[in-house]
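The block underneath contains the structure these notes are about, expressed in structure tokens.
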Amino acid sequence: MLIDALLTRRNARHGNDTLIPWLRGNAAFPPIAHALAEPNGLLAAGGDLSPARLLDAYRHGIFPWYSQGQPILWWSPDPRMVLHCDELKVSRSLRKTVASEKFAIRVDTAFRQVISECSRPRRYHRGTWIMPEIIDAYTRLHVLGHAHSVEAWRDGKLVGGLYGVSVGRMFFGESMFARESDASKVALVHLVEMLKEREMPMIDCQQDTEHLARLGARPIVRRAFAKALERLVNWPESDRPWSGGQGAGHSDDQTQ
């Protein structure tokens, strides 16, 4: 596997564009322009998942993504998939589902449950990158007020939702899940409305997928993403509260 080969050769001293740096201690991330073209966006390995490291990564357009048995891998792909909030595509059927209030939408009442649901293997994917240490790390970010969940509930059960990280006026989407048709899409529609109210114009979707494209997300070159990011992450946070939703919420969050 290409990633494993790169990691095996990380201490080599020949070549300068096929190896990735190993982060030790408080070492800074390399410039995102140094990310590899193949695999697209691989920038560095190592480091940790502390709140400080994660927030620094997001501020620079970098995110962690790795599999069981690998070290932490950091990525900044080019192009970058983003969803501009004013470009969200809501189909007629989805609009009807939203209007029907079939799902009760709550925010930040079950963050750990949402990320745990997102970690379950998908139909066509046997593994998951959302391992226990990822769940713990992002739950810590949530407790600190930097990570948020938007949840779709029906008959008292969590049936869909999404989570991500907020820095300044930028939202970094991480993952979503649905146990009922359209549940995660309805959560996304509500997230976009919340972001508009908070003057947060864009969601980072990280990688290009057909599902995201159907919802209006599109790729932009990394240079343009970085330029927008520099402005948005340095805007002051909106004073609007994140928590709340339709109906009485409850929290099951627990940190470890």
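Just so we're on the same page: first chain in the structure tokens is A, next is B, and so on; residues restart at 1 for each chain, and ligands are numbered from 1 in the order they show up.
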**Request:** Write out as number ranges by chain which residues come within 12 Å of A:Ala137 when counting only C-alpha atoms, dropping same-chain ones fewer than 6 positions away.
**Result:** A: 48-55, 64, 112, 115, 130-131, 143-144, 146-147, 165, 254-256
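On the backbone of this structure, DSSP gives helix (DSSP H, G or I) within stretch 15-60 of chain A to Ile32, Ala33, His34, Pro51, Ala52, Arg53, Leu54, Leu55, Asp56, Ala57, Tyr58 and Arg59 of chain A.
For stretch 208-223 of chain A, the non-local neighbours within 7 Å, defined as residues at least 2 positions apart in the same chain or in other chains and counting only C-alpha atoms, are A:Asp78, A:Pro79, A:Arg80, A:Met81, A:Val82, A:Leu83, A:Glu87, A:Leu88, A:Lys89, A:Val90, A:Phe225, A:Ala226, A:Lys227.
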**Request:** Please provide as a VMD selection string all residues within 8 Å of stretch 231-243 of chain A, with the sequence filter that same-chain residues fewer than 6 positions apart are discarded (counting only C-alpha atoms).
**Result:** chain A and resid 59 106 to 109 148 167 to 170 198 to 200
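Distance check against A:Ala187 using only C-alpha atoms: of A:Lys102, A:His84, A:His34, A:Arg92, the minimum falls on A:Lys102.
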**Asked** For the atom pair atom CA of A:Ser116 and atom CA of A:Gly41, what is the interatomic distance in Å to one decimal place?
**Response**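 Going from atom CA of A:Ser116 over to atom CA of A:Gly41, I get 26.0 Å.
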Residue contacts of A:Glu151 (12 Å, only C-alpha atoms) excluding same-chain residues fewer than 2 positions away, as an mmCIF file with N, CA and C atoms, in the first residue's frame:
data_model
loop_
_atom_site.group_PDB
_atom_site.id
_atom_site.type_symbol
_atom_site.label_atom_id
_atom_site.label_comp_id
_atom_site.auth_asym_id
_atom_site.auth_seq_id
_atom_site.Cartn_x
_atom_site.Cartn_y
_atom_site.Cartn_z
ATOM 1 N N PHE A 103 -39.100 14.626 11.589
ATOM 2 C CA PHE A 103 -38.015 14.451 12.545
ATOM 3 C C PHE A 103 -37.930 15.664 13.465
ATOM 4 N N ALA A 104 -37.726 15.417 14.733
ATOM 5 C CA ALA A 104 -37.417 16.489 15.676
ATOM 6 C C ALA A 104 -35.915 16.735 15.605
ATOM 7 N N ILE A 105 -35.543 17.973 15.382
ATOM 8 C CA ILE A 105 -34.125 18.318 15.246
ATOM 9 C C ILE A 105 -33.611 18.916 16.552
ATOM 10 N N ARG A 106 -32.535 18.357 17.033
ATOM 11 C CA ARG A 106 -31.900 18.847 18.251
ATOM 12 C C ARG A 106 -30.420 19.082 17.970
ATOM 13 N N VAL A 107 -29.837 19.952 18.745
ATOM 14 C CA VAL A 107 -28.430 20.309 18.553
ATOM 15 C C VAL A 107 -27.666 20.093 19.843
ATOM 16 N N ASP A 108 -26.582 19.348 19.758
ATOM 17 C CA ASP A 108 -25.675 19.146 20.883
ATOM 18 C C ASP A 108 -26.327 18.476 22.088
ATOM 19 N N THR A 109 -27.316 17.634 21.867
ATOM 20 C CA THR A 109 -27.906 16.910 22.995
ATOM 21 C C THR A 109 -27.392 15.480 23.081
ATOM 22 N N ALA A 110 -26.735 14.974 22.049
ATOM 23 C CA ALA A 110 -26.263 13.590 22.051
ATOM 24 C C ALA A 110 -25.027 13.454 21.171
ATOM 25 N N PHE A 111 -24.046 14.315 21.407
ATOM 26 C CA PHE A 111 -22.881 14.357 20.522
ATOM 27 C C PHE A 111 -22.175 13.005 20.447
ATOM 28 N N ARG A 112 -21.867 12.437 21.595
ATOM 29 C CA ARG A 112 -21.123 11.165 21.582
ATOM 30 C C ARG A 112 -21.916 10.060 20.904
ATOM 31 N N GLN A 113 -23.224 10.084 21.057
ATOM 32 C CA GLN A 113 -24.049 9.081 20.394
ATOM 33 C C GLN A 113 -24.001 9.258 18.882
ATOM 34 N N VAL A 114 -24.009 10.498 18.425
ATOM 35 C CA VAL A 114 -23.950 10.766 16.985
ATOM 36 C C VAL A 114 -22.633 10.268 16.401
ATOM 37 N N ILE A 115 -21.521 10.643 17.015
ATOM 38 C CA ILE A 115 -20.231 10.231 16.448
ATOM 39 C C ILE A 115 -20.063 8.714 16.537
ATOM 40 N N GLU A 117 -22.523 6.554 16.230
ATOM 41 C CA GLU A 117 -23.320 6.029 15.122
ATOM 42 C C GLU A 117 -22.582 6.207 13.796
ATOM 43 N N CYS A 118 -21.912 7.336 13.646
ATOM 44 C CA CYS A 118 -21.145 7.577 12.418
ATOM 45 C C CYS A 118 -19.993 6.590 12.270
ATOM 46 N N HIS A 148 -19.770 20.109 17.311
ATOM 47 C CA HIS A 148 -21.229 20.156 17.470
ATOM 48 C C HIS A 148 -21.902 19.035 16.689
ATOM 49 N N SER A 149 -23.055 18.643 17.191
ATOM 50 C CA SER A 149 -23.868 17.640 16.499
ATOM 51 C C SER A 149 -25.245 18.220 16.201
ATOM 52 N N TRP A 153 -34.333 13.158 15.454
ATOM 53 C CA TRP A 153 -34.971 12.217 16.363
ATOM 54 C C TRP A 153 -36.378 11.888 15.856
ATOM 55 N N ARG A 154 -36.807 10.659 16.115
ATOM 56 C CA ARG A 154 -38.177 10.269 15.807
ATOM 57 C C ARG A 154 -38.659 9.275 16.857
ATOM 58 N N GLY A 156 -38.584 9.508 19.966
ATOM 59 C CA GLY A 156 -37.628 9.388 21.058
ATOM 60 C C GLY A 156 -36.345 8.670 20.718
ATOM 61 N N LYS A 157 -36.130 8.319 19.445
ATOM 62 C CA LYS A 157 -34.928 7.612 19.046
ATOM 63 C C LYS A 157 -34.101 8.464 18.087
ATOM 64 N N LEU A 158 -32.792 8.404 18.246
ATOM 65 C CA LEU A 158 -31.878 9.094 17.335
ATOM 66 C C LEU A 158 -31.804 8.295 16.042
ATOM 67 N N VAL A 159 -32.250 8.883 14.935
ATOM 68 C CA VAL A 159 -32.309 8.148 13.667
ATOM 69 C C VAL A 159 -31.415 8.750 12.586
ATOM 70 N N GLY A 160 -30.737 9.823 12.884
ATOM 71 C CA GLY A 160 -29.836 10.419 11.909
ATOM 72 C C GLY A 160 -29.149 11.634 12.496
ATOM 73 N N GLY A 161 -28.112 12.082 11.822
ATOM 74 C CA GLY A 161 -27.434 13.275 12.300
ATOM 75 C C GLY A 161 -26.067 13.448 11.684
ATOM 76 N N LEU A 162 -25.391 14.465 12.134
ATOM 77 C CA LEU A 162 -24.048 14.785 11.644
ATOM 78 C C LEU A 162 -23.287 15.496 12.740
ATOM 79 N N TYR A 163 -21.972 15.561 12.564
ATOM 80 C CA TYR A 163 -21.162 16.314 13.520
ATOM 81 C C TYR A 163 -20.015 16.990 12.777
ATOM 82 N N GLY A 164 -19.464 18.010 13.404
ATOM 83 C CA GLY A 164 -18.344 18.719 12.811
ATOM 84 C C GLY A 164 -17.725 19.669 13.807
ATOM 85 N N MET A 176 -21.699 11.955 8.780
ATOM 86 C CA MET A 176 -23.134 11.932 9.003
ATOM 87 C C MET A 176 -23.631 10.495 8.898
ATOM 88 N N PHE A 177 -24.807 10.229 9.467
ATOM 89 C CA PHE A 177 -25.374 8.896 9.390
ATOM 90 C C PHE A 177 -26.895 9.012 9.327
ATOM 91 N N ALA A 178 -27.537 7.960 8.853
ATOM 92 C CA ALA A 178 -28.999 7.922 8.796
ATOM 93 C C ALA A 178 -29.473 6.504 9.052
ATOM 94 N N ARG A 179 -30.391 6.357 9.968
ATOM 95 C CA ARG A 179 -31.064 5.086 10.204
ATOM 96 C C ARG A 179 -32.447 5.072 9.565
ATOM 97 N N ALA A 183 -33.006 11.267 7.024
ATOM 98 C CA ALA A 183 -32.779 11.811 8.364
ATOM 99 C C ALA A 183 -31.532 12.697 8.412
ATOM 100 N N SER A 184 -30.433 12.231 7.827
ATOM 101 C CA SER A 184 -29.209 13.037 7.864
ATOM 102 C C SER A 184 -29.330 14.263 6.963
ATOM 103 N N LYS A 185 -30.073 14.138 5.861
ATOM 104 C CA LYS A 185 -30.259 15.278 4.962
ATOM 105 C C LYS A 185 -31.066 16.381 5.640
ATOM 106 N N VAL A 186 -32.081 15.985 6.399
ATOM 107 C CA VAL A 186 -32.868 16.980 7.130
ATOM 108 C C VAL A 186 -31.979 17.681 8.161
ATOM 109 N N ALA A 187 -31.111 16.914 8.822
ATOM 110 C CA ALA A 187 -30.179 17.520 9.771
ATOM 111 C C ALA A 187 -29.265 18.520 9.060
ATOM 112 N N LEU A 188 -28.823 18.184 7.851
ATOM 113 C CA LEU A 188 -27.967 19.093 7.091
ATOM 114 C C LEU A 188 -28.708 20.372 6.720
ATOM 115 N N VAL A 189 -29.957 20.251 6.309
ATOM 116 C CA VAL A 189 -30.748 21.437 5.974
ATOM 117 C C VAL A 189 -30.830 22.366 7.184
ATOM 118 N N HIS A 190 -31.074 21.796 8.357
ATOM 119 C CA HIS A 190 -31.148 22.617 9.571
ATOM 120 C C HIS A 190 -29.783 23.203 9.924
ATOM 121 N N LEU A 191 -28.727 22.441 9.718
ATOM 122 C CA LEU A 191 -27.392 22.982 9.974
ATOM 123 C C LEU A 191 -27.132 24.192 9.098
ATOM 124 N N SER A 243 -26.727 25.105 21.162
ATOM 125 C CA SER A 243 -27.584 24.058 21.708
ATOM 126 C C SER A 243 -29.052 24.407 21.557
ATOM 127 N N GLY A 244 -29.878 23.350 21.560
ATOM 128 C CA GLY A 244 -31.321 23.536 21.459
ATOM 129 C C GLY A 244 -31.888 22.734 20.320
ATOM 130 N N GLY A 245 -33.132 23.041 19.939
ATOM 131 C CA GLY A 245 -33.760 22.324 18.843
ATOM 132 C C GLY A 245 -35.260 22.271 19.011
ATOM 133 N N GLN A 246 -35.881 21.492 18.180
ATOM 134 C CA GLN A 246 -37.322 21.344 18.219
ATOM 135 C C GLN A 246 -37.668 20.273 19.238
ATOM 136 N N GLY A 247 -38.405 20.635 20.267
ATOM 137 C CA GLY A 247 -38.792 19.657 21.272
ATOM 138 C C GLY A 247 -37.769 19.609 22.383
ATOM 139 N N GLY A 249 -34.884 18.397 24.532
ATOM 140 C CA GLY A 249 -33.712 17.577 24.283
ATOM 141 C C GLY A 249 -33.240 16.885 25.546
ATOM 142 N N HIS A 250 -32.322 15.971 25.375
ATOM 143 C CA HIS A 250 -31.664 15.357 26.508
ATOM 144 C C HIS A 250 -30.242 15.059 26.090
ATOM 145 N N SER A 251 -29.378 14.945 27.046
ATOM 146 C CA SER A 251 -27.976 14.712 26.719
ATOM 147 C C SER A 251 -27.512 13.383 27.274
#
**Asked** A:Leu42: which residues within 8 Å, counting only C-alpha atoms, same-chain residues fewer than 5 positions away excluded, as a list of chain:residue names?
**Response**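 These residues fall inside the cut-off: A:Ile20, A:Ala35, A:Leu36, A:Ala37, A:Leu73, A:Trp74, A:Trp75, A:Ser76, A:Pro77.
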Keeping C-alpha atoms, export the residues of the selection given above as a compact mmCIF listing (two decimals), in the first residue's frame.
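Here's the written file part_36.txt:
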# COMPACT_ATOMS: atom_id res chain seq x y z
CA ILE A 20 6.02 13.03 4.52
CA ALA A 35 0.94 17.84 0.65
CA LEU A 36 1.45 14.92 -1.71
CA ALA A 37 -0.38 14.63 -5.01
CA LEU A 73 -2.26 10.77 9.26
CA TRP A 74 -2.96 14.41 8.40
CA TRP A 75 -4.48 15.50 5.08
CA SER A 76 -5.18 18.57 2.98
CA PRO A 77 -6.44 17.42 -0.44
**Request:** Name the residues of stretch 1-247 of chain A that fall into strand (DSSP E or B) according to DSSP on the backbone, using the chain letters and numbers of this document, as a PyMOL selection string.
**Result:** chain A and resi 22-23+42-46+63-64+73-75+80-84+104-107+147-154+157-167+170-178+202-206+218-220+244-245
Next, write the just-selected residues to a file, as an mmCIF file, in the first residue's frame, keeping C-alpha atoms as the atom set.
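Output file part.cif follows:
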data_model
loop_
_atom_site.group_PDB
_atom_site.id
_atom_site.type_symbol
_atom_site.label_atom_id
_atom_site.label_comp_id
_atom_site.auth_asym_id
_atom_site.auth_seq_id
_atom_site.Cartn_x
_atom_site.Cartn_y
_atom_site.Cartn_z
ATOM 1 C CA TRP A 22 6.789 12.935 11.099
ATOM 2 C CA LEU A 23 5.331 15.246 13.760
ATOM 3 C CA LEU A 42 -1.334 13.400 2.539
ATOM 4 C CA LEU A 43 0.699 15.960 4.468
ATOM 5 C CA ALA A 44 2.177 14.506 7.653
ATOM 6 C CA ALA A 45 2.043 11.667 10.164
ATOM 7 C CA GLY A 46 2.338 11.408 13.928
ATOM 8 C CA PHE A 63 -7.721 17.095 9.139
ATOM 9 C CA PRO A 64 -6.855 13.650 10.560
ATOM 10 C CA LEU A 73 -2.262 10.768 9.260
ATOM 11 C CA TRP A 74 -2.963 14.409 8.396
ATOM 12 C CA TRP A 75 -4.481 15.499 5.080
ATOM 13 C CA ARG A 80 -11.212 20.612 -1.599
ATOM 14 C CA MET A 81 -14.927 19.784 -1.484
ATOM 15 C CA VAL A 82 -16.991 22.580 0.062
ATOM 16 C CA LEU A 83 -20.639 23.432 0.416
ATOM 17 C CA HIS A 84 -21.471 27.123 0.235
ATOM 18 C CA ALA A 104 -37.417 16.489 15.676
ATOM 19 C CA ILE A 105 -34.125 18.318 15.246
ATOM 20 C CA ARG A 106 -31.900 18.847 18.251
ATOM 21 C CA VAL A 107 -28.430 20.309 18.553
ATOM 22 C CA ALA A 147 -17.481 20.410 18.044
ATOM 23 C CA HIS A 148 -21.229 20.156 17.470
ATOM 24 C CA SER A 149 -23.868 17.640 16.499
ATOM 25 C CA VAL A 150 -27.142 18.187 14.677
ATOM 26 C CA GLU A 151 -29.510 15.316 15.407
ATOM 27 C CA ALA A 152 -32.692 13.947 13.857
ATOM 28 C CA TRP A 153 -34.971 12.217 16.363
ATOM 29 C CA ARG A 154 -38.177 10.269 15.807
ATOM 30 C CA LYS A 157 -34.928 7.612 19.046
ATOM 31 C CA LEU A 158 -31.878 9.094 17.335
ATOM 32 C CA VAL A 159 -32.309 8.148 13.667
ATOM 33 C CA GLY A 160 -29.836 10.419 11.909
ATOM 34 C CA GLY A 161 -27.434 13.275 12.300
ATOM 35 C CA LEU A 162 -24.048 14.785 11.644
ATOM 36 C CA TYR A 163 -21.162 16.314 13.520
ATOM 37 C CA GLY A 164 -18.344 18.719 12.811
ATOM 38 C CA VAL A 165 -15.993 21.342 14.178
ATOM 39 C CA SER A 166 -16.564 25.081 14.370
ATOM 40 C CA VAL A 167 -13.685 27.570 14.304
ATOM 41 C CA MET A 170 -16.085 28.241 9.544
ATOM 42 C CA PHE A 171 -17.747 24.846 9.964
ATOM 43 C CA PHE A 172 -15.785 21.684 9.175
ATOM 44 C CA GLY A 173 -18.135 18.803 8.477
ATOM 45 C CA GLU A 174 -16.836 15.420 9.588
ATOM 46 C CA SER A 175 -19.428 12.675 9.143
ATOM 47 C CA MET A 176 -23.134 11.932 9.003
ATOM 48 C CA PHE A 177 -25.374 8.896 9.390
ATOM 49 C CA ALA A 178 -28.999 7.922 8.796
ATOM 50 C CA MET A 202 -19.285 27.634 4.055
ATOM 51 C CA ILE A 203 -18.981 24.003 5.169
ATOM 52 C CA ASP A 204 -15.775 22.098 4.550
ATOM 53 C CA CYS A 205 -16.781 18.673 3.197
ATOM 54 C CA GLN A 206 -13.156 17.540 2.768
ATOM 55 C CA ARG A 218 -18.440 21.369 -5.221
ATOM 56 C CA PRO A 219 -14.659 21.153 -5.375
ATOM 57 C CA ILE A 220 -12.486 24.259 -5.255
ATOM 58 C CA GLY A 244 -31.321 23.536 21.459
ATOM 59 C CA GLY A 245 -33.760 22.324 18.843
#
**Request:** For atom CA of A:Ile62 and atom CA of A:Leu19, determine how far apart the two atoms are, in Å to one decimal place.
**Result:**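 The value is 17.4 Å.
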**Message:** As an exercise, work out the distance from atom CA of A:Ile135 to atom CA of A:Gly25 in Å and give it to one decimal place.
**Reply:**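 Computing the Euclidean distance for atom CA of A:Ile135 and atom CA of A:Gly25 yields 21.9 Å.
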**Request:** Determine, counting only C-alpha atoms, which protein, DNA and RNA residues have an atom within 8 Å of an atom of A:Ser67; residues of the same chain fewer than 3 positions away are not included. Present the result as a PyMOL selection string.
**Result:** chain A and resi 70+128-129
